[in-house]
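Encoded as C-alpha cells, the structure appears first; notes follow it.
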Amino acid sequence: MSDFWQLVTNENMKIYRRPRTWIMLGVLLAITAAVPISIFAFEEGGLSMWMPFQVNTSMSVVLVTVFAVVLSAESVAGEFSSGTIKLLLIRPWSRSKLLLSKYIALLLFALLFMVGMLAWNLGLNALLFGYDGSNEMGSLSALNYFLQTYLFEFITLVVIVTISFLISTVFRSGGLAIGLSIFLLLIGSAISGMLSLLDYAWVKYLLFVNLDLTTYIGGGSSMIEGTSLGFSLAVLAAYYVVFVVITWIVFSKRDVAA
Amino acid sequence: MAEPIQAPPAQHAGREDEPVVQMRGVTKRIGKRKLIDNLTLDVPAGEVFGFLGPNGAGKTTTIRMMVGLMRLSEGEIIIRGQSISTAYEQAIRHVGAIVENPEMYKYLTGYQNLLHFARMIPGISRQRIEEVVELVGLKARIHDKVKTYSLGMRQRLGVAQAIMHKPSLLILDEPTNGLDPAGIRELRDYLRLLARNEGITVFVSSHLLSEMELMCDRVAIIQNGRLVDVRPIARGTDAHAAAVTVLLDVDRADEARQLLAEAGAIIEGGLLRLEADRETVANINARLVGAGFKVYGIRTQAKSLEDQFLEMTGGERIV
Ligand SMILES: Nc1ncnc2c1ncn2[C@@H]1O[C@H](COP(=O)(O)OP(=O)(O)O)[C@@H](O)[C@H]1O
Ligand SMILES: [Mg+2]
C-alpha cells in the first residue's frame, strides 16, 4: 500500500512542479489581500473583520473551485494530449489505481487550497481589523457560520471537480471539461432559481438545484420545496457515485490509441 | 481460431529456453475492420527481433496490444509465461517499451521523468537511475527540462525509462524515426549490446528493410495485419547462418553438377550454382577437391531481406 502513495507522489509532482500552480496561488493571495487592504485603507474604523472576510470567502471559494476544475480537466486529458498516457499505463499497476492516484492528488490540492485560504483569510482580516469574537450570523457565531460555509463549499467543489474529471476522462478534452463544469457552477444557481418556479416534483432531483448547500446553514432552507440538507446531500451522493463509476469504467476499459 | 493455451505453472515463468513472447491467434477488430488478423508468433529469448512491415501494416497496433494499451479481440499474448489479458501486472513487469514517440513530461526535467517512472516499479534505487543516465549518455543534461531536449536526447531518455527496471523484454516502435544516420547507428549498436551483454530480448518494429537487416537476428514480416513470414537474418559471422546462394567456379562443371545433384546444383553462366548453408559450403568444397575437381573460386550471395521479401509477397514493394 505504501507503493500506492508513490503514485500519488508522482501526481503531486506533476501538479506542484508546474509554474501554473504557483501562479494560481499567487493570484489567490493577491486578490484576497487586495480586498481587505483597500477596505482597511478607506474605512473609518469600527468595522468587523467578518465583513471583508465574507467577501474574501466568496472570492476564494470560486477561485479555488475554478483552479481545481482546471487541474482536474487536465489531469487525464493532458496525459492523452501529450502522449505520456502510454508510458504511464505500461507499468505494473491497474488502470483503476492509476486513476485513483490522480483523483486523490486533485482532492488533496483542493483541500490544501481550501484550508489554506480559510487560514489566510482569517489571519489577514484578524490582523487588519482585530479578531471579533462577538459577531453573530443568525443563530450561529460568525466563526461557526463560516467554518460550515467552507465545509459545504468544499463538498460542492468535490462534486464539480468530479464532473470535470469525468468529462476529461470520457472525452479526453480538457477544454470541454473546464467549460462544462464552470458553466454548471456559474449558471447552475440561476437555472435552479428559474426551475424553482416550476411546480414539478422531479425538479428537486436535478443536480444543480442541490449544489448550493450553504443555504441550509443555521437551519435555512432552499428555494426548492421538499428539500433539506440531508436530501441535497443524498442527491449529490447519488450523482457522485454515478459519475465515479462511469469515469472508472471508461478509463479502465477503453483502448488507448493516442 | 486461437488454440487453447494452458497457463504455464508458475515455476515455468521466465524459463531460459521458453520464448519471451508468445502470440497465439492475436486478432484486433475495430468496427468491421480487422487490423490484425490471427497473428501467431514466438519471440525467442536473447534475440533482437525485428517486426517489419509497410506503414499501416499493423505494427503499432500489435505493440499496443502487447503492452496492454489495447485489448485483444481474439487470441492471447503471453509474456514470460504470463498472459497480458489476465495477469497484466505480472506480465508487464518484465517489459520496457517506447510506443511510437518517446513522449515525456516536458515541464519536468529528464531526471524527474525518470524518478516518476522509477516510483511506479518497486526496487529501482537512485543509484540505478544514475547508472542508466550514464549508460544512455545524458548525464550532462539530465537536470534540464525535457522541453529543451533534441529528439535524439528524448529518444535516449525514452530508452533510459524503458531499461531502468532491467526488463527481460524491450519493445521499441520505430525507434529510428527522426534520428540522423549517426543516431541510428548508435541505437543499433546499443540494442545489439543490450541483447548480447544484458540478455535483454529486443522487439523492434520498422518499415525499413535495410535497417532491420543490420539490427536484427530474426525478422517477422507483417502486411495488412497478417504475418507473411518469419526469417532468421543471415550473418557472415553466424555459425547457424541461413542458406545462401553459392557460386562455384570449377573445371568440368557438368561432371561436378552430377556429383552435387542431390544438393540441387545447377549450371548458370558456366558456374555451378546451389543453395547451401555455411557448413555445407565447406563440405561441398572438400568433396569436389577430394573427387579431383579444380575449384578456382567460391562466391556466396547472401540473399538480402529485400529479395526475400519481394519473393514472398510476389514483388509488392514494402516501402
Ligand atoms: N484506433 C484506430 N481505429 C481504426 N483504425 C485504426 C486505429 N489505429 C490504427 N488504425 C488502422 O490500422 C492500420 C494499422 O495501423 P498501425 O498499427 O498504426 O500501422 P503501422 O504501425 O504498421 O504503421 C492502419 O490502416 C490504421 O489506419
Ligand atoms: Mg506505427
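Labeling convention for the C-alpha cells: chains A, B, ... as they appear, residues from 1 per chain, ligands from 1 in order of appearance.
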Site check for ligand 1: residues at most 6 Å away, only C-alpha atoms and all ligand atoms, as a PDB file with C-alpha atoms, in the first residue's frame:
ATOM      1  CA  ALA A 257      -4.739   4.829 -29.310  1.00  0.00           C
TER       2      ALA A 257
ATOM      3  CA  ILE B  30     -12.223  -2.199 -34.796  1.00  0.00           C
ATOM      4  CA  LEU B  35      -6.493  -4.502 -38.168  1.00  0.00           C
ATOM      5  CA  ASN B  55       3.166   1.850 -42.985  1.00  0.00           C
ATOM      6  CA  GLY B  56      -0.300   0.863 -41.880  1.00  0.00           C
ATOM      7  CA  ALA B  57       0.557  -2.847 -41.697  1.00  0.00           C
ATOM      8  CA  GLY B  58      -0.415  -3.035 -38.041  1.00  0.00           C
ATOM      9  CA  LYS B  59       2.922  -2.851 -36.223  1.00  0.00           C
ATOM     10  CA  THR B  60       1.878  -0.193 -33.741  1.00  0.00           C
ATOM     11  CA  THR B  61      -1.483  -1.875 -33.176  1.00  0.00           C
TER      12      THR B  61
END
Expected answer as a ChimeraX atom specification: chain A residues within 12 Å of chain B, only C-alpha atoms: /A:1-20,78-95,97-98,101,251-258
Requested write-out: N, CA and C atoms of the selected residues, as a compact mmCIF listing (two decimals), in the first residue's frame:
# COMPACT_ATOMS: atom_id res chain seq x y z
N MET A 1 0.83 -1.21 0.00
CA MET A 1 0.00 0.00 0.00
C MET A 1 0.86 1.25 0.00
N SER A 2 2.03 1.18 0.64
CA SER A 2 2.91 2.35 0.63
C SER A 2 3.31 2.65 -0.81
N ASP A 3 3.35 1.60 -1.65
CA ASP A 3 3.68 1.81 -3.05
C ASP A 3 2.65 2.69 -3.74
N PHE A 4 1.39 2.52 -3.32
CA PHE A 4 0.34 3.32 -3.94
C PHE A 4 0.60 4.81 -3.73
N TRP A 5 1.13 5.17 -2.56
CA TRP A 5 1.39 6.58 -2.30
C TRP A 5 2.49 7.13 -3.19
N GLN A 6 3.32 6.21 -3.72
CA GLN A 6 4.31 6.64 -4.70
C GLN A 6 3.61 7.20 -5.95
N LEU A 7 2.48 6.58 -6.29
CA LEU A 7 1.71 7.07 -7.44
C LEU A 7 1.16 8.46 -7.14
N VAL A 8 0.66 8.63 -5.91
CA VAL A 8 0.12 9.94 -5.53
C VAL A 8 1.25 10.97 -5.52
N THR A 9 2.42 10.54 -5.04
CA THR A 9 3.59 11.44 -5.06
C THR A 9 3.88 11.89 -6.48
N ASN A 10 3.80 10.97 -7.43
CA ASN A 10 4.00 11.33 -8.83
C ASN A 10 3.02 12.39 -9.29
N GLU A 11 1.74 12.16 -8.95
CA GLU A 11 0.71 13.12 -9.39
C GLU A 11 0.93 14.47 -8.72
N ASN A 12 1.33 14.43 -7.46
CA ASN A 12 1.66 15.69 -6.78
C ASN A 12 2.80 16.41 -7.49
N MET A 13 3.80 15.64 -7.87
CA MET A 13 4.94 16.24 -8.58
C MET A 13 4.46 16.93 -9.85
N LYS A 14 3.52 16.28 -10.56
CA LYS A 14 3.04 16.86 -11.81
C LYS A 14 2.19 18.10 -11.56
N ILE A 15 1.62 18.22 -10.37
CA ILE A 15 0.85 19.42 -10.05
C ILE A 15 1.78 20.55 -9.58
N TYR A 16 2.66 20.23 -8.63
CA TYR A 16 3.40 21.32 -7.97
C TYR A 16 4.71 21.68 -8.67
N ARG A 17 5.14 20.86 -9.64
CA ARG A 17 6.35 21.23 -10.39
C ARG A 17 6.00 22.10 -11.59
N ARG A 18 4.76 22.47 -11.72
CA ARG A 18 4.39 23.33 -12.85
C ARG A 18 4.17 24.73 -12.35
N PRO A 19 4.72 25.69 -13.08
CA PRO A 19 4.58 27.09 -12.64
C PRO A 19 3.12 27.51 -12.48
N ARG A 20 2.23 26.96 -13.32
CA ARG A 20 0.85 27.44 -13.30
C ARG A 20 0.20 27.28 -11.92
N GLY A 78 -4.77 15.77 -20.31
CA GLY A 78 -3.41 16.24 -20.57
C GLY A 78 -2.45 15.09 -20.85
N GLU A 79 -2.65 13.97 -20.16
CA GLU A 79 -1.79 12.81 -20.42
C GLU A 79 -2.04 12.26 -21.82
N PHE A 80 -3.30 12.37 -22.27
CA PHE A 80 -3.61 11.92 -23.62
C PHE A 80 -3.03 12.87 -24.66
N SER A 81 -3.22 14.18 -24.44
CA SER A 81 -2.78 15.11 -25.48
C SER A 81 -1.26 15.15 -25.56
N SER A 82 -0.56 14.91 -24.46
CA SER A 82 0.91 14.91 -24.54
C SER A 82 1.45 13.55 -24.94
N GLY A 83 0.61 12.52 -24.93
CA GLY A 83 1.07 11.18 -25.29
C GLY A 83 1.71 10.43 -24.14
N THR A 84 1.86 11.09 -22.99
CA THR A 84 2.50 10.44 -21.84
C THR A 84 1.65 9.33 -21.24
N ILE A 85 0.37 9.30 -21.60
CA ILE A 85 -0.53 8.26 -21.07
C ILE A 85 0.03 6.87 -21.36
N LYS A 86 0.70 6.72 -22.52
CA LYS A 86 1.20 5.41 -22.90
C LYS A 86 2.27 4.93 -21.92
N LEU A 87 3.22 5.82 -21.61
CA LEU A 87 4.27 5.42 -20.68
C LEU A 87 3.74 5.28 -19.27
N LEU A 88 2.68 6.02 -18.96
CA LEU A 88 2.09 5.94 -17.62
C LEU A 88 1.40 4.59 -17.41
N LEU A 89 0.71 4.13 -18.44
CA LEU A 89 -0.12 2.93 -18.28
C LEU A 89 0.67 1.63 -18.33
N ILE A 90 1.82 1.62 -19.02
CA ILE A 90 2.52 0.34 -19.19
C ILE A 90 3.42 0.04 -18.00
N ARG A 91 2.83 0.06 -16.83
CA ARG A 91 3.54 -0.23 -15.58
C ARG A 91 2.74 -1.27 -14.83
N PRO A 92 3.37 -1.94 -13.86
CA PRO A 92 2.63 -2.96 -13.13
C PRO A 92 1.60 -2.37 -12.16
N TRP A 93 0.66 -1.61 -12.70
CA TRP A 93 -0.42 -1.03 -11.91
C TRP A 93 -1.70 -1.13 -12.72
N SER A 94 -2.80 -1.38 -12.02
CA SER A 94 -4.06 -1.42 -12.74
C SER A 94 -4.45 0.00 -13.10
N ARG A 95 -5.24 0.13 -14.16
CA ARG A 95 -5.66 1.47 -14.58
C ARG A 95 -6.49 2.14 -13.50
N LYS A 97 -6.23 1.94 -10.29
CA LYS A 97 -5.39 2.52 -9.23
C LYS A 97 -4.68 3.77 -9.73
N LEU A 98 -4.25 3.75 -10.99
CA LEU A 98 -3.60 4.94 -11.54
C LEU A 98 -4.57 6.12 -11.53
N SER A 101 -5.06 7.46 -8.05
CA SER A 101 -3.96 8.30 -7.57
C SER A 101 -4.10 9.73 -8.10
N PHE A 251 -12.30 4.65 -18.14
CA PHE A 251 -10.84 4.72 -18.13
C PHE A 251 -10.21 3.32 -18.14
N SER A 252 -10.84 2.39 -17.43
CA SER A 252 -10.25 1.05 -17.33
C SER A 252 -10.44 0.23 -18.59
N LYS A 253 -11.55 0.46 -19.28
CA LYS A 253 -11.89 -0.43 -20.39
C LYS A 253 -11.39 0.04 -21.74
N ARG A 254 -11.25 1.35 -21.90
CA ARG A 254 -11.09 1.83 -23.26
C ARG A 254 -9.68 1.65 -23.82
N ASP A 255 -9.61 1.35 -25.12
CA ASP A 255 -8.33 1.25 -25.80
C ASP A 255 -7.64 2.60 -25.84
N VAL A 256 -6.33 2.57 -25.69
CA VAL A 256 -5.57 3.81 -25.78
C VAL A 256 -4.86 3.84 -27.12
N ALA A 257 -5.33 4.73 -27.98
CA ALA A 257 -4.74 4.83 -29.31
C ALA A 257 -4.17 6.23 -29.52
N ALA A 258 -3.83 6.90 -28.42
CA ALA A 258 -3.33 8.28 -28.51
C ALA A 258 -1.98 8.31 -29.20
Sel. of alpha helix (DSSP H) residues, region 60-201 of chain A, as a ChimeraX atom specification: /A:60-82,84-89,95-129,142-171,174-195
Val70 (chain A) surroundings by only C-alpha atoms, 12 Å radius, close-in-sequence under 6 positions cut, as a VMD selection string: chain A and resid 15 20 to 21 24 63 to 64 76 to 78 106 109 to 110 160 to 165 167 to 168 173 to 182
Residues within 12 Å of region 264-268 of chain B, please, as a short mmCIF file (atom, residue, chain, number, x, y, z; two decimals) with C-alpha atoms, in the first residue's frame. Count only C-alpha atoms; anything in the same chain fewer than 2 positions from it doesn't count.
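Listed below is the output, around-v1.cif:
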data_model
loop_
_atom_site.label_atom_id
_atom_site.label_comp_id
_atom_site.auth_asym_id
_atom_site.auth_seq_id
_atom_site.Cartn_x
_atom_site.Cartn_y
_atom_site.Cartn_z
CA THR B 245 23.33 -18.92 -52.84
CA VAL B 246 26.77 -20.32 -53.63
CA LEU B 247 28.53 -19.94 -56.98
CA LEU B 248 31.43 -22.29 -57.65
CA ASP B 249 33.93 -21.89 -60.44
CA VAL B 250 35.19 -25.39 -61.24
CA ARG B 252 34.38 -29.86 -65.73
CA ALA B 253 31.29 -28.11 -64.46
CA ASP B 254 28.96 -30.66 -65.93
CA GLU B 255 30.51 -33.59 -64.09
CA ALA B 256 30.62 -31.58 -60.92
CA ARG B 257 26.92 -30.87 -61.28
CA GLN B 258 26.24 -34.61 -61.43
CA LEU B 259 28.31 -35.16 -58.32
CA LEU B 260 26.33 -32.50 -56.47
CA ALA B 261 22.95 -33.31 -57.98
CA GLU B 262 21.36 -34.16 -54.64
CA GLY B 270 29.37 -21.58 -66.66
CA LEU B 271 29.31 -21.59 -62.88
CA LEU B 272 27.88 -24.16 -60.54
CA ARG B 273 25.04 -22.66 -58.55
CA LEU B 274 23.38 -24.11 -55.47
CA GLU B 275 21.78 -23.17 -52.17
CA ALA B 276 23.66 -24.14 -49.06
CA VAL B 281 29.70 -24.93 -48.45
CA ILE B 284 30.97 -29.37 -50.84
#
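Residues in contact with Lys204 (chain A) at 10 Å, where only C-alpha atoms are counted and same-chain residues fewer than 3 positions away are skipped, are listed as Ser192, Leu195, Ser196, Asp199, Tyr200, Ala201, Leu207, Phe208, Val209, Asn210, Met223, Ile224, Glu225, Gly226, Thr227, Phe231, Ser232 and Val235 of chain A.
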Distance criterion (only C-alpha atoms and all ligand atoms): nearest to ligand 2 out of B:Leu41, B:Met23, B:Leu193, B:Leu52: B:Leu52
Distance query Ala220 (chain B) at most 7 Å, only C-alpha atoms, self and fewer than 5 positions along chain excluded, as a count of residues only: 6
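The space between CA of Arg80 (chain B) and CA of Asp173 (chain B) spans 19.9 Å.
Distances to ligand 2 were evaluated for B:Gly183, B:Gly269, B:Pro167, B:Pro175 using only C-alpha atoms and all ligand atoms, and the minimum falls at B:Pro175.
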Spatial neighbours of region 145-149 of chain A, max dist 9 Å, only C-alpha atoms, sep filter under 3 positions, as a list in words: Gln54, Thr57, Leu118, Glu136, Met137, Gly138, Ser139, Leu140, Ser141, Ala142, Phe152, Glu153, Phe154, Leu213, Thr214, Ile217 and Gly218 of chain A
Residue with smallest distance to Arg278 (chain B) - pool B:Arg192, B:Arg299, B:Lys145, B:Lys294, counting only C-alpha atoms: B:Arg299
